[in-house]
$ cat entry07.cif   # mmCIF, C-alpha atoms
data_input
#
loop_
_atom_site.group_PDB
_atom_site.id
_atom_site.type_symbol
_atom_site.label_atom_id
_atom_site.label_comp_id
_atom_site.auth_asym_id
_atom_site.auth_seq_id
_atom_site.Cartn_x
_atom_site.Cartn_y
_atom_site.Cartn_z
ATOM 1 C CA MET A 1 57.639 -24.149 -0.159
ATOM 2 C CA ALA A 2 55.673 -20.869 0.148
ATOM 3 C CA GLN A 3 52.502 -22.387 -1.294
ATOM 4 C CA GLU A 4 52.629 -25.351 1.075
ATOM 5 C CA PHE A 5 53.462 -23.095 4.051
ATOM 6 C CA VAL A 6 50.497 -20.766 3.392
ATOM 7 C CA ASN A 7 48.016 -23.499 2.443
ATOM 8 C CA CYS A 8 48.673 -25.579 5.563
ATOM 9 C CA LYS A 9 47.955 -22.512 7.751
ATOM 10 C CA ILE A 10 44.639 -21.567 6.118
ATOM 11 C CA GLN A 11 41.931 -23.863 7.453
ATOM 12 C CA PRO A 12 38.143 -23.819 7.693
ATOM 13 C CA GLY A 13 37.030 -22.647 11.126
ATOM 14 C CA LYS A 14 40.259 -20.785 11.818
ATOM 15 C CA VAL A 15 41.367 -17.152 11.648
ATOM 16 C CA VAL A 16 44.870 -16.727 10.260
ATOM 17 C CA VAL A 17 46.725 -13.466 9.756
ATOM 18 C CA PHE A 18 50.005 -13.297 7.854
ATOM 19 C CA ILE A 19 52.065 -10.496 9.404
ATOM 20 C CA LYS A 20 55.412 -8.763 9.728
ATOM 21 C CA PRO A 21 56.032 -7.735 13.363
ATOM 22 C CA THR A 22 57.387 -4.298 12.387
ATOM 23 C CA CYS A 23 54.284 -3.363 10.372
ATOM 24 C CA PRO A 24 51.886 -0.947 12.156
ATOM 25 C CA TYR A 25 48.893 -2.258 10.158
ATOM 26 C CA CYS A 26 49.749 -5.792 11.262
ATOM 27 C CA ARG A 27 49.883 -4.680 14.885
ATOM 28 C CA ARG A 28 46.494 -2.956 14.516
ATOM 29 C CA ALA A 29 44.953 -6.113 13.006
ATOM 30 C CA GLN A 30 46.418 -8.152 15.882
ATOM 31 C CA GLU A 31 44.920 -5.722 18.428
ATOM 32 C CA ILE A 32 41.456 -5.891 16.861
ATOM 33 C CA LEU A 33 41.364 -9.687 16.615
ATOM 34 C CA SER A 34 42.968 -10.288 20.014
ATOM 35 C CA GLN A 35 40.135 -8.382 21.697
ATOM 36 C CA LEU A 36 37.452 -10.673 20.245
ATOM 37 C CA PRO A 37 36.157 -13.798 22.023
ATOM 38 C CA ILE A 38 37.796 -16.204 19.567
ATOM 39 C CA LYS A 39 38.136 -19.782 20.811
ATOM 40 C CA GLN A 40 41.547 -20.900 22.032
ATOM 41 C CA GLY A 41 43.676 -22.216 19.175
ATOM 42 C CA LEU A 42 41.531 -20.765 16.375
ATOM 43 C CA LEU A 43 43.426 -17.498 15.959
ATOM 44 C CA GLU A 44 46.926 -17.595 14.540
ATOM 45 C CA PHE A 45 49.306 -14.797 13.642
ATOM 46 C CA VAL A 46 51.949 -16.043 11.211
ATOM 47 C CA ASP A 47 55.146 -13.986 11.157
ATOM 48 C CA ILE A 48 56.360 -14.390 7.582
ATOM 49 C CA THR A 49 59.724 -12.789 8.440
ATOM 50 C CA ALA A 50 60.487 -15.757 10.718
ATOM 51 C CA THR A 51 61.107 -17.845 7.576
ATOM 52 C CA ASN A 52 63.802 -17.413 4.945
ATOM 53 C CA HIS A 53 61.065 -17.228 2.310
ATOM 54 C CA THR A 54 59.351 -13.904 3.048
ATOM 55 C CA ASN A 55 59.325 -12.774 -0.603
ATOM 56 C CA GLU A 56 58.122 -16.121 -1.927
ATOM 57 C CA ILE A 57 55.322 -16.157 0.667
ATOM 58 C CA GLN A 58 54.278 -12.637 -0.325
ATOM 59 C CA ASP A 59 54.394 -13.605 -4.014
ATOM 60 C CA TYR A 60 52.122 -16.574 -3.301
ATOM 61 C CA LEU A 61 49.746 -14.402 -1.230
ATOM 62 C CA GLN A 62 49.590 -12.100 -4.279
ATOM 63 C CA GLN A 63 48.567 -15.046 -6.482
ATOM 64 C CA LEU A 64 46.030 -16.220 -3.924
ATOM 65 C CA THR A 65 44.491 -12.912 -2.834
ATOM 66 C CA GLY A 66 45.471 -10.276 -5.390
ATOM 67 C CA ALA A 67 47.773 -8.413 -2.973
ATOM 68 C CA ARG A 68 51.171 -9.164 -1.480
ATOM 69 C CA THR A 69 50.925 -6.634 1.357
ATOM 70 C CA VAL A 70 50.541 -7.670 4.980
ATOM 71 C CA PRO A 71 48.502 -8.190 6.991
ATOM 72 C CA ARG A 72 46.546 -10.711 4.920
ATOM 73 C CA VAL A 73 43.575 -11.759 7.040
ATOM 74 C CA PHE A 74 41.870 -15.104 6.414
ATOM 75 C CA ILE A 75 38.573 -16.047 8.035
ATOM 76 C CA GLY A 76 38.352 -19.732 7.316
ATOM 77 C CA LYS A 77 39.435 -20.185 3.693
ATOM 78 C CA ASP A 78 38.380 -16.651 2.673
ATOM 79 C CA CYS A 79 40.824 -13.764 2.548
ATOM 80 C CA ILE A 80 39.001 -10.659 3.712
ATOM 81 C CA GLY A 81 41.950 -8.418 2.807
ATOM 82 C CA GLY A 82 44.149 -6.289 5.033
ATOM 83 C CA CYS A 83 43.847 -4.036 8.048
ATOM 84 C CA SER A 84 41.461 -1.454 6.559
ATOM 85 C CA ASP A 85 39.184 -4.272 5.342
ATOM 86 C CA LEU A 86 39.233 -5.772 8.834
ATOM 87 C CA VAL A 87 38.325 -2.400 10.382
ATOM 88 C CA SER A 88 35.441 -1.976 7.897
ATOM 89 C CA LEU A 89 34.078 -5.441 8.709
ATOM 90 C CA GLN A 90 34.381 -4.715 12.426
ATOM 91 C CA GLN A 91 32.553 -1.380 12.142
ATOM 92 C CA SER A 92 29.732 -2.860 10.060
ATOM 93 C CA GLY A 93 29.259 -5.759 12.508
ATOM 94 C CA GLU A 94 30.021 -8.247 9.738
ATOM 95 C CA LEU A 95 33.272 -9.403 11.366
ATOM 96 C CA LEU A 96 31.539 -11.031 14.346
ATOM 97 C CA MET A 97 28.923 -12.509 12.019
ATOM 98 C CA ARG A 98 31.614 -14.121 9.814
ATOM 99 C CA LEU A 99 33.491 -15.422 12.869
ATOM 100 C CA LYS A 100 30.255 -16.908 14.192
ATOM 101 C CA GLN A 101 29.567 -18.555 10.794
ATOM 102 C CA ILE A 102 32.857 -20.481 10.915
ATOM 103 C CA GLY A 103 32.355 -21.398 14.599
ATOM 104 C CA ALA A 104 35.374 -19.443 15.832
ATOM 105 C CA LEU A 105 33.647 -17.533 18.647
ATOM 106 C CA GLN A 106 33.463 -18.745 22.250
#

$ encode --input "entry07.cif" --output "structure tokens"
Amino acid sequence: MAQEFVNCKIQPGKVVVFIKPTCPYCRRAQEILSQLPIKQGLLEFVDITATNHTNEIQDYLQQLTGARTVPRVFIGKDCIGGCSDLVSLQQSGELLMRLKQIGALQ
């Protein structure tokens, strides 16, 4: 279930962030990404606590990305990591470049 749930969310050309609404790092990642000119429908925040499979989803994210913490930020099919990784990419200018590469910017 968890594998299918995660895999159907991650798509080329899309930005997907797996979050828990109570997590301050998740909220920060949402703030950063929400301020960018990402095309309608290409940015999705997935609340993993809205399912009954939170632990299984985190276990699968661990298998997939090497960490089970949230947020897990995917740009297209690539996991860039968590909030601090997102901030680093934003500060270096690489975030916009990667979003442009997958065609996610307006």

$ resolve_selection --input "entry07.cif" --expression "the PyMOL selection byres ((chain A and resi 90-97) around 12)" --output "PyMOL selection string"
chain A and resi 15+29+32-33+35-38+73-75+80+83-89+98-106

$ residues_around --input "entry07.cif" --residues "Asn55 (chain A)" --least-positions-apart "4" --cutoff "9 Å" --atoms "all atoms listed in the file" --output "number ranges by chain"
A: 2, 48, 59-60, 68

$ closest_residue --input "entry07.cif" --among "A:Cys79, A:Cys8, A:Cys26, A:Val17" --to "Gln63 (chain A)" --atoms "all atoms listed in the file"
A:Cys79

$ atom_distance --input "entry07.cif" --atom1 "CA of Ile57 (chain A)" --atom2 "CA of Gln3 (chain A)"
7.1 Å

$ atom_distance --input "entry07.cif" --atom1 "CA of Leu61 (chain A)" --atom2 "CA of Phe18 (chain A)"
9.2 Å

$ closest_residue --input "entry07.cif" --among "A:Arg27, A:Gly81, A:Met1, A:Val16" --to "Gln62 (chain A)" --atoms "all atoms listed in the file"
A:Gly81

$ build_atoms --input "entry07.cif" --residues "region 44-79 of chain A" --atoms "N, CA and C atoms" --output "PDB file, in the frame of the given file"
ATOM      1  N   GLU A  44      45.476 -17.445  14.690  1.00  0.00           N
ATOM      2  CA  GLU A  44      46.926 -17.595  14.540  1.00  0.00           C
ATOM      3  C   GLU A  44      47.501 -16.415  13.768  1.00  0.00           C
ATOM      4  N   PHE A  45      48.565 -15.844  14.329  1.00  0.00           N
ATOM      5  CA  PHE A  45      49.306 -14.797  13.642  1.00  0.00           C
ATOM      6  C   PHE A  45      50.589 -15.433  13.134  1.00  0.00           C
ATOM      7  N   VAL A  46      50.799 -15.398  11.830  1.00  0.00           N
ATOM      8  CA  VAL A  46      51.949 -16.043  11.211  1.00  0.00           C
ATOM      9  C   VAL A  46      52.949 -14.972  10.787  1.00  0.00           C
ATOM     10  N   ASP A  47      54.082 -14.939  11.472  1.00  0.00           N
ATOM     11  CA  ASP A  47      55.146 -13.986  11.157  1.00  0.00           C
ATOM     12  C   ASP A  47      55.934 -14.505   9.953  1.00  0.00           C
ATOM     13  N   ILE A  48      55.702 -13.883   8.794  1.00  0.00           N
ATOM     14  CA  ILE A  48      56.360 -14.390   7.582  1.00  0.00           C
ATOM     15  C   ILE A  48      57.842 -14.033   7.542  1.00  0.00           C
ATOM     16  N   THR A  49      58.293 -13.130   8.416  1.00  0.00           N
ATOM     17  CA  THR A  49      59.724 -12.789   8.440  1.00  0.00           C
ATOM     18  C   THR A  49      60.514 -13.822   9.243  1.00  0.00           C
ATOM     19  N   ALA A  50      59.813 -14.715   9.933  1.00  0.00           N
ATOM     20  CA  ALA A  50      60.487 -15.757  10.718  1.00  0.00           C
ATOM     21  C   ALA A  50      60.978 -16.893   9.811  1.00  0.00           C
ATOM     22  N   THR A  51      60.635 -16.837   8.531  1.00  0.00           N
ATOM     23  CA  THR A  51      61.107 -17.845   7.576  1.00  0.00           C
ATOM     24  C   THR A  51      62.168 -17.182   6.699  1.00  0.00           C
ATOM     25  N   ASN A  52      62.847 -17.972   5.911  1.00  0.00           N
ATOM     26  CA  ASN A  52      63.802 -17.413   4.945  1.00  0.00           C
ATOM     27  C   ASN A  52      63.125 -17.197   3.596  1.00  0.00           C
ATOM     28  N   HIS A  53      61.797 -17.255   3.584  1.00  0.00           N
ATOM     29  CA  HIS A  53      61.065 -17.228   2.310  1.00  0.00           C
ATOM     30  C   HIS A  53      60.025 -16.115   2.270  1.00  0.00           C
ATOM     31  N   THR A  54      60.316 -15.001   2.960  1.00  0.00           N
ATOM     32  CA  THR A  54      59.351 -13.904   3.048  1.00  0.00           C
ATOM     33  C   THR A  54      58.842 -13.474   1.674  1.00  0.00           C
ATOM     34  N   ASN A  55      59.747 -13.232   0.726  1.00  0.00           N
ATOM     35  CA  ASN A  55      59.325 -12.774  -0.603  1.00  0.00           C
ATOM     36  C   ASN A  55      58.480 -13.793  -1.341  1.00  0.00           C
ATOM     37  N   GLU A  56      58.882 -15.068  -1.252  1.00  0.00           N
ATOM     38  CA  GLU A  56      58.122 -16.121  -1.927  1.00  0.00           C
ATOM     39  C   GLU A  56      56.720 -16.224  -1.324  1.00  0.00           C
ATOM     40  N   ILE A  57      56.629 -16.093   0.001  1.00  0.00           N
ATOM     41  CA  ILE A  57      55.322 -16.157   0.667  1.00  0.00           C
ATOM     42  C   ILE A  57      54.459 -14.986   0.198  1.00  0.00           C
ATOM     43  N   GLN A  58      55.045 -13.794   0.134  1.00  0.00           N
ATOM     44  CA  GLN A  58      54.278 -12.637  -0.325  1.00  0.00           C
ATOM     45  C   GLN A  58      53.873 -12.783  -1.796  1.00  0.00           C
ATOM     46  N   ASP A  59      54.742 -13.363  -2.609  1.00  0.00           N
ATOM     47  CA  ASP A  59      54.394 -13.605  -4.014  1.00  0.00           C
ATOM     48  C   ASP A  59      53.208 -14.565  -4.110  1.00  0.00           C
ATOM     49  N   TYR A  60      53.227 -15.610  -3.273  1.00  0.00           N
ATOM     50  CA  TYR A  60      52.122 -16.574  -3.301  1.00  0.00           C
ATOM     51  C   TYR A  60      50.832 -15.926  -2.780  1.00  0.00           C
ATOM     52  N   LEU A  61      50.935 -15.107  -1.736  1.00  0.00           N
ATOM     53  CA  LEU A  61      49.746 -14.402  -1.230  1.00  0.00           C
ATOM     54  C   LEU A  61      49.162 -13.508  -2.323  1.00  0.00           C
ATOM     55  N   GLN A  62      50.040 -12.922  -3.143  1.00  0.00           N
ATOM     56  CA  GLN A  62      49.590 -12.100  -4.279  1.00  0.00           C
ATOM     57  C   GLN A  62      48.773 -12.950  -5.254  1.00  0.00           C
ATOM     58  N   GLN A  63      49.281 -14.125  -5.580  1.00  0.00           N
ATOM     59  CA  GLN A  63      48.567 -15.046  -6.482  1.00  0.00           C
ATOM     60  C   GLN A  63      47.208 -15.423  -5.900  1.00  0.00           C
ATOM     61  N   LEU A  64      47.209 -15.705  -4.612  1.00  0.00           N
ATOM     62  CA  LEU A  64      46.030 -16.220  -3.924  1.00  0.00           C
ATOM     63  C   LEU A  64      44.978 -15.145  -3.688  1.00  0.00           C
ATOM     64  N   THR A  65      45.435 -13.932  -3.315  1.00  0.00           N
ATOM     65  CA  THR A  65      44.491 -12.912  -2.834  1.00  0.00           C
ATOM     66  C   THR A  65      44.474 -11.634  -3.661  1.00  0.00           C
ATOM     67  N   GLY A  66      45.425 -11.491  -4.585  1.00  0.00           N
ATOM     68  CA  GLY A  66      45.471 -10.276  -5.390  1.00  0.00           C
ATOM     69  C   GLY A  66      46.320  -9.168  -4.783  1.00  0.00           C
ATOM     70  N   ALA A  67      46.885  -9.412  -3.591  1.00  0.00           N
ATOM     71  CA  ALA A  67      47.773  -8.413  -2.973  1.00  0.00           C
ATOM     72  C   ALA A  67      48.876  -9.132  -2.209  1.00  0.00           C
ATOM     73  N   ARG A  68      50.059  -8.515  -2.192  1.00  0.00           N
ATOM     74  CA  ARG A  68      51.171  -9.164  -1.480  1.00  0.00           C
ATOM     75  C   ARG A  68      51.485  -8.440  -0.177  1.00  0.00           C
ATOM     76  N   THR A  69      50.701  -7.399   0.126  1.00  0.00           N
ATOM     77  CA  THR A  69      50.925  -6.634   1.357  1.00  0.00           C
ATOM     78  C   THR A  69      50.440  -7.421   2.575  1.00  0.00           C
ATOM     79  N   VAL A  70      51.004  -7.089   3.727  1.00  0.00           N
ATOM     80  CA  VAL A  70      50.541  -7.670   4.980  1.00  0.00           C
ATOM     81  C   VAL A  70      49.928  -6.547   5.811  1.00  0.00           C
ATOM     82  N   PRO A  71      48.992  -6.851   6.694  1.00  0.00           N
ATOM     83  CA  PRO A  71      48.502  -8.190   6.991  1.00  0.00           C
ATOM     84  C   PRO A  71      47.573  -8.712   5.892  1.00  0.00           C
ATOM     85  N   ARG A  72      47.541 -10.012   5.749  1.00  0.00           N
ATOM     86  CA  ARG A  72      46.546 -10.711   4.920  1.00  0.00           C
ATOM     87  C   ARG A  72      45.714 -11.498   5.924  1.00  0.00           C
ATOM     88  N   VAL A  73      44.456 -11.168   6.030  1.00  0.00           N
ATOM     89  CA  VAL A  73      43.575 -11.759   7.040  1.00  0.00           C
ATOM     90  C   VAL A  73      42.666 -12.794   6.388  1.00  0.00           C
ATOM     91  N   PHE A  74      42.730 -14.026   6.914  1.00  0.00           N
ATOM     92  CA  PHE A  74      41.870 -15.104   6.414  1.00  0.00           C
ATOM     93  C   PHE A  74      40.878 -15.501   7.497  1.00  0.00           C
ATOM     94  N   ILE A  75      39.604 -15.512   7.143  1.00  0.00           N
ATOM     95  CA  ILE A  75      38.573 -16.047   8.035  1.00  0.00           C
ATOM     96  C   ILE A  75      38.139 -17.344   7.373  1.00  0.00           C
ATOM     97  N   GLY A  76      38.527 -18.449   7.984  1.00  0.00           N
ATOM     98  CA  GLY A  76      38.352 -19.732   7.316  1.00  0.00           C
ATOM     99  C   GLY A  76      39.230 -19.736   6.076  1.00  0.00           C
ATOM    100  N   LYS A  77      38.665 -20.131   4.944  1.00  0.00           N
ATOM    101  CA  LYS A  77      39.435 -20.185   3.693  1.00  0.00           C
ATOM    102  C   LYS A  77      39.368 -18.874   2.914  1.00  0.00           C
ATOM    103  N   ASP A  78      38.575 -17.905   3.403  1.00  0.00           N
ATOM    104  CA  ASP A  78      38.380 -16.651   2.673  1.00  0.00           C
ATOM    105  C   ASP A  78      39.326 -15.565   3.151  1.00  0.00           C
ATOM    106  N   CYS A  79      40.000 -14.928   2.196  1.00  0.00           N
ATOM    107  CA  CYS A  79      40.824 -13.764   2.548  1.00  0.00           C
ATOM    108  C   CYS A  79      39.915 -12.546   2.530  1.00  0.00           C
TER     109      CYS A  79
END
